[in-house]
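Coordinates as given in target-v8.cif (mmCIF, C-alpha atoms and all ligand atoms):
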```
data_structure
#
loop_
_atom_site.group_PDB
_atom_site.id
_atom_site.type_symbol
_atom_site.label_atom_id
_atom_site.label_comp_id
_atom_site.auth_asym_id
_atom_site.auth_seq_id
_atom_site.Cartn_x
_atom_site.Cartn_y
_atom_site.Cartn_z
ATOM 1 C CA MET A 1 -9.901 -7.021 -21.742
ATOM 2 C CA ASN A 2 -9.017 -9.827 -24.064
ATOM 3 C CA LEU A 3 -5.288 -9.690 -24.748
ATOM 4 C CA TRP A 4 -5.579 -11.283 -28.157
ATOM 5 C CA PHE A 5 -5.671 -8.749 -30.976
ATOM 6 C CA GLU A 6 -6.235 -10.352 -34.389
ATOM 7 C CA ASP A 7 -3.979 -7.795 -36.067
ATOM 8 C CA GLY A 8 -1.375 -7.973 -33.271
ATOM 9 C CA THR A 9 2.276 -7.746 -34.247
ATOM 10 C CA ILE A 10 3.891 -9.908 -31.581
ATOM 11 C CA ILE A 11 2.995 -13.038 -29.670
ATOM 12 C CA LEU A 12 4.197 -13.143 -26.081
ATOM 13 C CA LYS A 13 4.324 -16.388 -24.209
ATOM 14 C CA ALA A 14 4.428 -16.497 -20.409
ATOM 15 C CA GLN A 15 4.239 -19.833 -18.622
ATOM 16 C CA ASN A 16 1.430 -21.601 -20.522
ATOM 17 C CA THR A 17 -0.388 -18.514 -21.737
ATOM 18 C CA ILE A 18 0.016 -16.656 -25.015
ATOM 19 C CA PHE A 19 -0.943 -13.083 -25.810
ATOM 20 C CA LYS A 20 -1.186 -11.563 -29.287
ATOM 21 C CA VAL A 21 -0.540 -7.863 -28.826
ATOM 22 C CA TYR A 22 1.163 -4.855 -30.425
ATOM 23 C CA LYS A 23 4.898 -4.299 -30.373
ATOM 24 C CA GLY A 24 4.574 -0.515 -30.547
ATOM 25 C CA PRO A 25 3.651 0.329 -26.931
ATOM 26 C CA LEU A 26 6.188 -2.163 -25.555
ATOM 27 C CA VAL A 27 8.992 -0.778 -27.702
ATOM 28 C CA GLN A 28 7.982 2.807 -27.032
ATOM 29 C CA HIS A 29 8.031 2.450 -23.250
ATOM 30 C CA SER A 30 10.848 -0.007 -22.646
ATOM 31 C CA PRO A 31 14.448 -0.048 -23.899
ATOM 32 C CA VAL A 32 14.576 -3.684 -22.843
ATOM 33 C CA PHE A 33 11.623 -4.623 -25.056
ATOM 34 C CA ARG A 34 13.094 -2.404 -27.787
ATOM 35 C CA ASP A 35 16.240 -4.512 -27.816
ATOM 36 C CA MET A 36 14.324 -7.742 -27.419
ATOM 37 C CA LEU A 37 11.707 -7.137 -30.089
ATOM 38 C CA MET A 38 13.464 -4.965 -32.664
ATOM 39 C CA LEU A 39 16.751 -6.822 -32.931
ATOM 40 C CA PRO A 40 16.917 -10.344 -34.317
ATOM 41 C CA GLN A 41 17.171 -12.699 -31.370
ATOM 42 C CA PRO A 42 18.217 -16.300 -31.681
ATOM 43 C CA GLU A 43 15.566 -17.441 -29.215
ATOM 44 C CA THR A 44 12.805 -15.663 -31.121
ATOM 45 C CA GLU A 45 10.664 -18.090 -33.043
ATOM 46 C CA GLN A 46 9.958 -16.479 -36.372
ATOM 47 C CA VAL A 47 6.948 -17.885 -38.109
ATOM 48 C CA ALA A 48 6.834 -17.020 -41.799
ATOM 49 C CA SER A 49 3.112 -16.399 -41.910
ATOM 50 C CA GLY A 50 2.617 -14.448 -38.694
ATOM 51 C CA PRO A 51 4.183 -12.465 -35.915
ATOM 52 C CA ALA A 52 7.144 -13.815 -33.990
ATOM 53 C CA THR A 53 6.658 -15.502 -30.636
ATOM 54 C CA VAL A 54 8.770 -14.279 -27.734
ATOM 55 C CA THR A 55 8.919 -16.105 -24.431
ATOM 56 C CA LEU A 56 8.921 -14.015 -21.260
ATOM 57 C CA PHE A 57 10.161 -15.537 -18.029
ATOM 58 C CA ASP A 58 7.713 -13.711 -15.803
ATOM 59 C CA PRO A 59 4.570 -14.849 -13.965
ATOM 60 C CA VAL A 60 1.629 -14.764 -16.332
ATOM 61 C CA ALA A 61 -0.286 -12.503 -13.933
ATOM 62 C CA ASP A 62 2.469 -9.887 -14.102
ATOM 63 C CA VAL A 63 2.572 -10.027 -17.911
ATOM 64 C CA SER A 64 -1.203 -9.732 -18.048
ATOM 65 C CA SER A 65 -1.208 -6.675 -15.755
ATOM 66 C CA LEU A 66 1.524 -5.041 -17.821
ATOM 67 C CA LEU A 67 -0.299 -5.635 -21.096
ATOM 68 C CA HIS A 68 -3.575 -4.398 -19.646
ATOM 69 C CA ALA A 69 -1.803 -1.170 -18.736
ATOM 70 C CA LEU A 70 -0.152 -0.705 -22.119
ATOM 71 C CA MET A 71 -2.490 -2.088 -24.779
ATOM 72 C CA PRO A 72 -5.512 -0.283 -26.259
ATOM 73 C CA ARG A 73 -8.669 -0.572 -24.215
ATOM 74 C CA ASN A 74 -12.130 -1.386 -25.427
ATOM 75 C CA ILE A 75 -13.611 1.642 -23.684
ATOM 76 C CA VAL A 76 -13.008 5.314 -24.335
ATOM 77 C CA ARG A 77 -12.976 7.695 -21.413
ATOM 78 C CA LEU A 78 -12.108 11.372 -21.413
ATOM 79 C CA SER A 79 -12.488 12.130 -17.723
ATOM 80 C CA GLY A 80 -11.255 10.550 -14.542
ATOM 81 C CA THR A 81 -8.652 7.863 -14.284
ATOM 82 C CA TYR A 82 -8.742 4.126 -14.402
ATOM 83 C CA ASP A 83 -9.125 2.476 -11.050
ATOM 84 C CA THR A 84 -6.041 0.342 -10.663
ATOM 85 C CA SER A 85 -6.218 -2.626 -8.338
ATOM 86 C CA TRP A 86 -3.553 -3.327 -5.749
ATOM 87 C CA ASN A 87 -2.455 -6.449 -7.628
ATOM 88 C CA ASP A 88 -2.137 -4.610 -10.938
ATOM 89 C CA ALA A 89 -0.202 -1.749 -9.350
ATOM 90 C CA CYS A 90 2.296 -4.173 -7.754
ATOM 91 C CA ALA A 91 2.628 -6.288 -10.898
ATOM 92 C CA CYS A 92 3.174 -3.207 -13.059
ATOM 93 C CA LEU A 93 5.769 -1.876 -10.632
ATOM 94 C CA ARG A 94 7.708 -5.157 -10.757
ATOM 95 C CA MET A 95 7.537 -5.284 -14.550
ATOM 96 C CA ALA A 96 8.311 -1.571 -14.957
ATOM 97 C CA HIS A 97 11.442 -2.023 -12.882
ATOM 98 C CA LYS A 98 12.574 -5.118 -14.747
ATOM 99 C CA TYR A 99 11.894 -3.715 -18.225
ATOM 100 C CA GLN A 100 12.995 -0.152 -17.396
ATOM 101 C CA MET A 101 9.670 1.522 -18.089
ATOM 102 C CA ASP A 102 10.023 4.850 -16.325
ATOM 103 C CA GLN A 103 6.550 6.215 -16.956
ATOM 104 C CA LEU A 104 4.827 3.018 -15.890
ATOM 105 C CA LEU A 105 7.020 2.883 -12.795
ATOM 106 C CA ASP A 106 5.895 6.377 -11.791
ATOM 107 C CA GLU A 107 2.273 5.509 -12.510
ATOM 108 C CA SER A 108 2.466 2.292 -10.486
ATOM 109 C CA LEU A 109 3.972 4.151 -7.541
ATOM 110 C CA ARG A 110 1.247 6.765 -7.817
ATOM 111 C CA SER A 111 -1.374 4.001 -7.616
ATOM 112 C CA LEU A 112 0.300 2.324 -4.660
ATOM 113 C CA ARG A 113 0.490 5.624 -2.786
ATOM 114 C CA ARG A 114 -3.290 5.461 -2.515
ATOM 115 C CA PHE A 115 -2.951 2.248 -0.507
ATOM 116 C CA TYR A 116 0.248 3.220 1.319
ATOM 117 C CA PRO A 117 0.005 7.029 1.562
ATOM 118 C CA ASP A 118 2.892 9.321 2.341
ATOM 119 C CA THR A 119 0.876 12.505 2.901
ATOM 120 C CA TYR A 120 -1.812 13.097 5.476
ATOM 121 C CA LYS A 121 -4.233 14.152 2.752
ATOM 122 C CA LEU A 122 -3.825 10.810 0.999
ATOM 123 C CA PHE A 123 -3.987 9.044 4.349
ATOM 124 C CA GLN A 124 -7.436 10.541 4.937
ATOM 125 C CA ASP A 125 -8.554 9.483 1.454
ATOM 126 C CA ARG A 126 -6.818 6.121 1.457
ATOM 127 C CA ARG A 127 -8.442 3.323 -0.378
ATOM 128 C CA SER A 128 -8.689 0.815 2.384
ATOM 129 C CA THR A 129 -8.176 0.887 6.120
ATOM 130 C CA THR A 130 -8.803 -2.815 6.570
ATOM 131 C CA PRO A 131 -7.140 -4.713 3.741
ATOM 132 C CA GLN A 132 -8.431 -8.199 3.108
ATOM 133 C CA ASN A 133 -4.968 -9.582 3.553
ATOM 134 C CA SER A 134 -2.455 -7.573 5.554
ATOM 135 C CA ALA A 135 0.300 -9.984 4.525
ATOM 136 C CA ARG A 136 0.327 -8.262 1.153
ATOM 137 C CA ALA A 137 2.236 -5.446 2.855
ATOM 138 C CA ILE A 138 5.214 -7.817 2.797
ATOM 139 C CA SER A 139 5.145 -7.584 -0.976
ATOM 140 C CA VAL A 140 4.994 -3.788 -0.795
ATOM 141 C CA VAL A 141 7.984 -3.604 1.540
ATOM 142 C CA ASN A 142 9.964 -5.769 -0.874
ATOM 143 C CA LEU A 143 8.891 -3.665 -3.863
ATOM 144 C CA ALA A 144 9.749 -0.443 -2.047
ATOM 145 C CA ARG A 145 13.237 -1.837 -1.408
ATOM 146 C CA LEU A 146 13.566 -3.044 -5.010
ATOM 147 C CA VAL A 147 12.732 0.263 -6.658
ATOM 148 C CA GLU A 148 14.084 2.426 -3.830
ATOM 149 C CA ALA A 149 10.774 4.099 -3.017
ATOM 150 C CA PRO A 150 11.067 4.557 0.786
ATOM 151 C CA SER A 151 7.866 6.600 0.937
ATOM 152 C CA LEU A 152 5.861 3.356 0.665
ATOM 153 C CA LEU A 153 7.631 1.804 3.638
ATOM 154 C CA PRO A 154 6.126 3.453 6.747
ATOM 155 C CA MET A 155 2.501 2.498 6.060
ATOM 156 C CA ALA A 156 3.505 -0.932 4.745
ATOM 157 C CA ILE A 157 5.602 -1.634 7.844
ATOM 158 C CA VAL A 158 2.689 -0.644 10.105
ATOM 159 C CA GLU A 159 0.569 -3.192 8.244
ATOM 160 C CA CYS A 160 3.293 -5.838 8.601
ATOM 161 C CA CYS A 161 3.419 -5.124 12.353
ATOM 162 C CA THR A 162 -0.246 -6.069 12.680
ATOM 163 C CA LEU A 163 0.451 -9.571 11.346
ATOM 164 C CA GLY A 164 1.734 -10.965 14.640
ATOM 165 C CA SER A 165 3.361 -14.359 14.283
ATOM 166 C CA GLU A 166 1.888 -14.693 10.772
ATOM 167 C CA ILE A 167 4.696 -12.418 9.604
ATOM 168 C CA VAL A 168 7.017 -15.418 9.358
ATOM 169 C CA ASN A 169 4.686 -17.132 6.858
ATOM 170 C CA GLY A 170 5.264 -14.439 4.255
ATOM 171 C CA TYR A 171 2.791 -13.543 1.534
ATOM 172 C CA LYS A 172 1.478 -15.750 -1.238
ATOM 173 C CA ARG A 173 0.705 -13.735 -4.347
ATOM 174 C CA PRO A 174 -2.367 -14.574 -6.470
ATOM 175 C CA ASP A 175 0.002 -16.345 -8.868
ATOM 176 C CA LEU A 176 1.162 -18.391 -5.824
ATOM 177 C CA THR A 177 4.648 -16.862 -5.807
ATOM 178 C CA GLU A 178 5.743 -16.700 -2.164
ATOM 179 C CA GLU A 179 7.390 -13.633 -0.743
ATOM 180 C CA HIS A 180 9.106 -13.111 2.583
ATOM 181 C CA LEU A 181 10.561 -10.113 4.323
ATOM 182 C CA SER A 182 14.329 -9.889 4.425
ATOM 183 C CA LEU A 183 15.779 -10.637 7.852
ATOM 184 C CA SER A 184 16.703 -6.973 8.289
ATOM 185 C CA ASP A 185 13.140 -5.861 7.525
ATOM 186 C CA MET A 186 11.801 -8.524 9.872
ATOM 187 C CA GLY A 187 14.007 -7.047 12.605
ATOM 188 C CA LEU A 188 12.789 -3.577 11.696
ATOM 189 C CA CYS A 189 9.195 -4.745 12.210
ATOM 190 C CA PHE A 190 9.954 -6.158 15.666
ATOM 191 C CA GLN A 191 11.361 -2.811 16.721
ATOM 192 C CA ALA A 192 8.644 -0.803 14.966
ATOM 193 C CA LYS A 193 5.917 -2.791 16.701
ATOM 194 C CA ASP A 194 7.155 -1.706 20.144
ATOM 195 C CA LYS A 195 7.350 1.920 19.050
ATOM 196 C CA LEU A 196 3.861 1.844 17.561
ATOM 197 C CA ILE A 197 2.363 0.383 20.734
ATOM 198 C CA GLU A 198 4.108 3.074 22.779
ATOM 199 C CA ALA A 199 2.792 5.801 20.463
ATOM 200 C CA ARG A 200 -0.724 4.376 20.674
ATOM 201 C CA ILE A 201 -0.687 4.319 24.463
ATOM 202 C CA ARG A 202 0.767 7.824 24.626
ATOM 203 C CA GLY A 203 -1.951 9.137 22.302
ATOM 204 C CA PHE A 204 -4.605 7.310 24.306
ATOM 205 C CA HIS A 205 -3.580 8.988 27.569
ATOM 206 C CA GLN A 206 -3.605 12.422 25.956
ATOM 207 C CA LEU A 207 -7.100 11.691 24.691
ATOM 208 C CA PHE A 208 -8.348 11.412 28.257
ATOM 209 C CA GLU A 209 -6.738 14.571 29.598
ATOM 210 C CA SER A 210 -9.395 16.778 31.239
ATOM 211 C CA LYS A 211 -8.685 19.770 28.974
ATOM 212 C CA VAL A 212 -9.944 17.762 25.965
ATOM 213 C CA ARG A 213 -13.536 17.732 27.286
ATOM 214 C CA ARG A 214 -13.574 21.139 28.918
ATOM 215 C CA GLY A 215 -16.846 22.061 27.113
ATOM 216 C CA CYS A 216 -18.776 19.149 28.675
ATOM 217 C CA THR A 217 -22.408 19.982 29.456
ATOM 218 C CA ALA A 218 -22.992 17.043 31.865
ATOM 219 C CA PRO A 219 -19.671 16.576 33.660
ATOM 220 C CA ASP A 220 -20.845 14.402 36.556
ATOM 221 C CA ALA A 221 -22.318 11.716 34.367
ATOM 222 C CA ASP A 222 -19.797 11.984 31.520
ATOM 223 C CA ASN A 223 -16.719 11.882 33.730
ATOM 224 C CA ALA A 224 -17.977 8.573 35.095
ATOM 225 C CA TYR A 225 -18.633 7.245 31.586
ATOM 226 C CA PHE A 226 -15.205 8.261 30.331
ATOM 227 C CA ASP A 227 -13.555 6.804 33.445
ATOM 228 C CA ARG A 228 -15.261 3.523 32.685
ATOM 229 C CA LEU A 229 -14.055 3.581 29.066
ATOM 230 C CA TYR A 230 -10.525 4.477 30.207
ATOM 231 C CA PHE A 231 -10.300 1.653 32.724
ATOM 232 C CA ASP A 232 -11.938 -0.896 30.440
ATOM 233 C CA LEU A 233 -9.189 -0.261 27.892
ATOM 234 C CA THR A 234 -6.242 0.140 30.266
ATOM 235 C CA ASP A 235 -7.238 -2.937 32.288
ATOM 236 C CA GLY A 236 -7.589 -4.924 29.094
ATOM 237 C CA ASN A 237 -11.274 -5.752 29.759
ATOM 238 C CA VAL A 238 -11.767 -4.342 26.287
ATOM 239 C CA PRO A 239 -8.885 -5.322 24.050
ATOM 240 C CA GLY A 240 -7.541 -2.748 21.618
ATOM 241 C CA LEU A 241 -5.145 -0.490 23.495
ATOM 242 C CA TYR A 242 -1.917 -2.492 23.639
ATOM 243 C CA THR A 243 -1.678 -3.197 19.935
ATOM 244 C CA PRO A 244 0.279 -1.728 17.027
ATOM 245 C CA ASN A 245 -3.020 -1.036 15.201
ATOM 246 C CA VAL A 246 -2.479 2.691 15.395
ATOM 247 C CA TRP A 247 -5.260 3.424 12.892
ATOM 248 C CA ASP A 248 -7.862 1.660 15.028
ATOM 249 C CA SER A 249 -9.797 4.714 16.200
ATOM 250 C CA PHE A 250 -10.677 5.118 19.870
ATOM 251 C CA SER A 251 -13.765 7.097 18.837
ATOM 252 C CA GLY A 252 -15.277 3.789 17.754
ATOM 253 C CA TYR A 253 -14.897 2.445 21.294
ATOM 254 C CA MET A 254 -16.595 5.567 22.652
ATOM 255 C CA SER A 255 -19.557 5.254 20.269
ATOM 256 C CA ALA A 256 -19.963 1.572 21.068
ATOM 257 C CA ARG A 257 -19.551 1.648 24.848
ATOM 258 C CA ILE A 258 -20.666 5.073 26.081
ATOM 259 C CA PRO A 259 -23.005 6.453 23.414
ATOM 260 C CA TRP A 260 -24.887 8.547 25.995
ATOM 261 C CA VAL A 261 -22.240 11.221 26.576
ATOM 262 C CA CYS A 262 -23.023 14.846 25.643
ATOM 263 C CA ASP A 263 -22.499 16.132 22.113
ATOM 264 C CA SER A 264 -19.693 18.416 23.184
ATOM 265 C CA CYS A 265 -17.745 15.473 24.627
ATOM 266 C CA LYS A 266 -18.386 13.376 21.544
ATOM 267 C CA GLN A 267 -17.098 16.057 19.192
ATOM 268 C CA ALA A 268 -14.100 16.896 21.370
ATOM 269 C CA PHE A 269 -13.132 13.232 21.765
ATOM 270 C CA VAL A 270 -13.415 12.529 18.031
ATOM 271 C CA ALA A 271 -11.413 15.667 17.177
ATOM 272 C CA GLU A 272 -8.646 14.762 19.623
ATOM 273 C CA ASP A 273 -8.623 11.162 18.367
ATOM 274 C CA VAL A 274 -8.108 12.427 14.813
ATOM 275 C CA ALA A 275 -5.389 14.815 16.037
ATOM 276 C CA GLN A 276 -3.572 11.927 17.748
ATOM 277 C CA GLN A 277 -3.668 9.825 14.593
ATOM 278 C CA LYS A 278 -2.356 12.776 12.597
ATOM 279 C CA ARG A 279 0.515 13.130 15.072
ATOM 280 C CA ILE A 280 1.342 9.443 14.722
ATOM 281 C CA PHE A 281 1.185 9.694 10.938
ATOM 282 C CA GLU A 282 3.554 12.660 10.915
ATOM 283 C CA GLN A 283 6.064 10.803 13.109
ATOM 284 C CA LEU A 284 5.663 7.511 11.267
ATOM 285 C CA PRO A 285 9.065 7.221 9.542
ATOM 286 C CA ALA A 286 10.841 7.784 12.873
ATOM 287 C CA LEU A 287 8.517 5.357 14.666
ATOM 288 C CA VAL A 288 9.129 2.542 12.185
ATOM 289 C CA GLY A 289 12.798 3.358 11.770
ATOM 290 C CA VAL A 290 13.091 4.355 8.117
ATOM 291 C CA ALA A 291 14.338 7.594 6.606
ATOM 292 C CA VAL A 292 11.857 9.099 4.163
ATOM 293 C CA PRO A 293 12.965 12.438 2.732
ATOM 294 C CA GLY A 294 9.953 14.663 2.158
ATOM 295 C CA TRP A 295 7.523 12.563 4.221
ATOM 296 C CA GLY A 296 4.163 14.311 4.396
ATOM 297 C CA THR A 297 4.680 16.356 1.261
ATOM 298 C CA PRO A 298 3.407 15.429 -2.202
ATOM 299 C CA PRO A 299 5.786 13.351 -4.305
ATOM 300 C CA SER A 300 8.710 15.079 -5.820
ATOM 301 C CA PRO A 301 11.434 13.923 -8.189
ATOM 302 C CA ARG A 302 12.709 11.752 -5.324
ATOM 303 C CA TRP A 303 10.974 8.896 -7.106
ATOM 304 C CA ARG A 304 13.554 8.249 -9.706
ATOM 305 C CA PRO A 305 13.682 4.782 -11.086
ATOM 306 C CA CYS A 306 16.404 2.648 -9.662
ATOM 307 C CA ARG A 307 18.888 1.220 -12.114
ATOM 308 C CA LYS A 308 21.013 -1.639 -10.932
HETATM 309 ZN ZN ZN A 401 -19.884 15.706 28.208
#
```
Would you write the structure of this file as structure tokens?
Amino acid sequence: MNLWFEDGTIILKAQNTIFKVYKGPLVQHSPVFRDMLMLPQPETEQVASGPATVTLFDPVADVSSLLHALMPRNIVRLSGTYDTSWNDACACLRMAHKYQMDQLLDESLRSLRRFYPDTYKLFQDRRSTTPQNSARAISVVNLARLVEAPSLLPMAIVECCTLGSEIVNGYKRPDLTEEHLSLSDMGLCFQAKDKLIEARIRGFHQLFESKVRRGCTAPDADNAYFDRLYFDLTDGNVPGLYTPNVWDSFSGYMSARIPWVCDSCKQAFVAEDVAQQKRIFEQLPALVGVAVPGWGTPPSPRWRPCRK
């Protein structure tokens, strides 16, 4: 969407970019913009023949995301919702917090929940299991702290734990702003990583308990296959067990390495694998060391905007 409306009523300048947009939505949603745009401001450049120009001291990408969310769109849609990108959701959350836009803040959190779910239902439907850049979780941890939305933290911390030593490099946003975890969150990740590895190993051992495959139709052959898979992973011949990647399914290893096992074993193994992941998800706040009231239940009024 082109953020230059010929009949716009305000010109916003951010870094070296200008946008000609409408005051109305900004004023309606934000008391900060209401004060900034409705009251005469000394720094506002009033041009006799056109709308005033107001300079915003925000990254242009954040301003653009905000305006995309608020300004009229060139398409009309009566069903479904707009698909918000991760970048837009984060940018809108930052801007909503700064400019006190309660509705946009709730909407941004709702979008981010699809990437960093706090209910098992959303976890199953989550947008991406393998993000292109896990370092972006650093940004989400910082945002969750900023707006006091702890429900985003468990999944974001798990993603941070998969970064390894890269965690110290921080995250470079598309606008090249660099973000780092606070030292206390860095410490939290060190501790969480150990707990996640423990939980993964515990779940793995339960997966291989004999009761899981009690319906096996070819026990002699399948027991040997599953023993091989078990020892390959525990001996480290096949890497993947001793990691904090708790969402890396063991069913995938079964399909790849012992595809010949009976259907009953396959189904039982997959079902138990899913059950183990569900158990880890349910315990996640405790595993990563954050308190999340209402974890696992749909959002409630606990998401109140933070005012500092
Ligand atoms: Zn079997």
Can you list, as an mmCIF file with C-alpha atoms, in the coordinates of the input, every protein, DNA or RNA residue that comes within 9 Å of Ile167 (chain A) when you count all atoms listed in the file, leaving out same-chain residues fewer than 5 positions away?
```
data_model
loop_
_atom_site.group_PDB
_atom_site.id
_atom_site.type_symbol
_atom_site.label_atom_id
_atom_site.label_comp_id
_atom_site.auth_asym_id
_atom_site.auth_seq_id
_atom_site.Cartn_x
_atom_site.Cartn_y
_atom_site.Cartn_z
ATOM 1 C CA ALA A 135 0.300 -9.984 4.525
ATOM 2 C CA ILE A 138 5.214 -7.817 2.797
ATOM 3 C CA CYS A 160 3.293 -5.838 8.601
ATOM 4 C CA CYS A 161 3.419 -5.124 12.353
ATOM 5 C CA THR A 162 -0.246 -6.069 12.680
ATOM 6 C CA HIS A 180 9.106 -13.111 2.583
ATOM 7 C CA LEU A 181 10.561 -10.113 4.323
ATOM 8 C CA MET A 186 11.801 -8.524 9.872
#
```
Identify all residues satisfying the PyMOL selection byres (((chain A and resi 281) around 10) and not hetatm) in the given file; provide them as a PyMOL selection string.
chain A and resi 117-120+123+154-155+246-247+275-280+282-285+287+295-296
Given a cut-off of 7 Å, what residues near ligand ZN 401 (chain A) show up using only C-alpha atoms and all ligand atoms, put as a ChimeraX atom specification?
/A:213,216-219,222,261-265
So, counting all atoms listed in the file, which residue among A:Ala224, A:Leu56, A:Met36, A:Leu67 is closest to Tyr22 (chain A)?
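Looking at the shortest contact to Tyr22 (chain A), the residue is A:Leu67.
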Give as a VMD selection string each residue that has an atom at most 12 Å from (8.9, 0.4, -15.9) in the file, counting only C-alpha atoms.
chain A and resid 26 to 33 66 69 to 70 89 to 109 147 304 to 307
Given the file shown, enumerate the residues that the PyMOL selection byres (((chain A and resi 250-258) around 12) and not hetatm) captures and present them as a PyMOL selection string.
chain A and resi 200-201+203-208+221-230+232-233+238-241+245-249+259-263+265-277
Generate the output file for the selected residues, C-alpha atoms, as a PDB file, in the frame of the given file.
```pdb
ATOM      1  CA  ARG A 200      -0.724   4.376  20.674  1.00  0.00           C
ATOM      2  CA  ILE A 201      -0.687   4.319  24.463  1.00  0.00           C
ATOM      3  CA  GLY A 203      -1.951   9.137  22.302  1.00  0.00           C
ATOM      4  CA  PHE A 204      -4.605   7.310  24.306  1.00  0.00           C
ATOM      5  CA  HIS A 205      -3.580   8.988  27.569  1.00  0.00           C
ATOM      6  CA  GLN A 206      -3.605  12.422  25.956  1.00  0.00           C
ATOM      7  CA  LEU A 207      -7.100  11.691  24.691  1.00  0.00           C
ATOM      8  CA  PHE A 208      -8.348  11.412  28.257  1.00  0.00           C
ATOM      9  CA  ALA A 221     -22.318  11.716  34.367  1.00  0.00           C
ATOM     10  CA  ASP A 222     -19.797  11.984  31.520  1.00  0.00           C
ATOM     11  CA  ASN A 223     -16.719  11.882  33.730  1.00  0.00           C
ATOM     12  CA  ALA A 224     -17.977   8.573  35.095  1.00  0.00           C
ATOM     13  CA  TYR A 225     -18.633   7.245  31.586  1.00  0.00           C
ATOM     14  CA  PHE A 226     -15.205   8.261  30.331  1.00  0.00           C
ATOM     15  CA  ASP A 227     -13.555   6.804  33.445  1.00  0.00           C
ATOM     16  CA  ARG A 228     -15.261   3.523  32.685  1.00  0.00           C
ATOM     17  CA  LEU A 229     -14.055   3.581  29.066  1.00  0.00           C
ATOM     18  CA  TYR A 230     -10.525   4.477  30.207  1.00  0.00           C
ATOM     19  CA  ASP A 232     -11.938  -0.896  30.440  1.00  0.00           C
ATOM     20  CA  LEU A 233      -9.189  -0.261  27.892  1.00  0.00           C
ATOM     21  CA  VAL A 238     -11.767  -4.342  26.287  1.00  0.00           C
ATOM     22  CA  PRO A 239      -8.885  -5.322  24.050  1.00  0.00           C
ATOM     23  CA  GLY A 240      -7.541  -2.748  21.618  1.00  0.00           C
ATOM     24  CA  LEU A 241      -5.145  -0.490  23.495  1.00  0.00           C
ATOM     25  CA  ASN A 245      -3.020  -1.036  15.201  1.00  0.00           C
ATOM     26  CA  VAL A 246      -2.479   2.691  15.395  1.00  0.00           C
ATOM     27  CA  TRP A 247      -5.260   3.424  12.892  1.00  0.00           C
ATOM     28  CA  ASP A 248      -7.862   1.660  15.028  1.00  0.00           C
ATOM     29  CA  SER A 249      -9.797   4.714  16.200  1.00  0.00           C
ATOM     30  CA  PRO A 259     -23.005   6.453  23.414  1.00  0.00           C
ATOM     31  CA  TRP A 260     -24.887   8.547  25.995  1.00  0.00           C
ATOM     32  CA  VAL A 261     -22.240  11.221  26.576  1.00  0.00           C
ATOM     33  CA  CYS A 262     -23.023  14.846  25.643  1.00  0.00           C
ATOM     34  CA  ASP A 263     -22.499  16.132  22.113  1.00  0.00           C
ATOM     35  CA  CYS A 265     -17.745  15.473  24.627  1.00  0.00           C
ATOM     36  CA  LYS A 266     -18.386  13.376  21.544  1.00  0.00           C
ATOM     37  CA  GLN A 267     -17.098  16.057  19.192  1.00  0.00           C
ATOM     38  CA  ALA A 268     -14.100  16.896  21.370  1.00  0.00           C
ATOM     39  CA  PHE A 269     -13.132  13.232  21.765  1.00  0.00           C
ATOM     40  CA  VAL A 270     -13.415  12.529  18.031  1.00  0.00           C
ATOM     41  CA  ALA A 271     -11.413  15.667  17.177  1.00  0.00           C
ATOM     42  CA  GLU A 272      -8.646  14.762  19.623  1.00  0.00           C
ATOM     43  CA  ASP A 273      -8.623  11.162  18.367  1.00  0.00           C
ATOM     44  CA  VAL A 274      -8.108  12.427  14.813  1.00  0.00           C
ATOM     45  CA  ALA A 275      -5.389  14.815  16.037  1.00  0.00           C
ATOM     46  CA  GLN A 276      -3.572  11.927  17.748  1.00  0.00           C
ATOM     47  CA  GLN A 277      -3.668   9.825  14.593  1.00  0.00           C
TER      48      GLN A 277
END
```
In Å, with one decimal, what is the gap from CA of Ile18 (chain A) to CA of Pro174 (chain A)?
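CA of Ile18 (chain A) sits 18.8 Å away from CA of Pro174 (chain A).
One finds CA of Thr9 (chain A) at 5.8 Å from CA of Lys23 (chain A).
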Which of these residues is nearest to Ala149 (chain A), using only C-alpha atoms: A:Asp235, A:Asp175, A:Ala291, A:Ile75?
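Looking only at the distances to Ala149 (chain A), the closest residue turns out to be A:Ala291.
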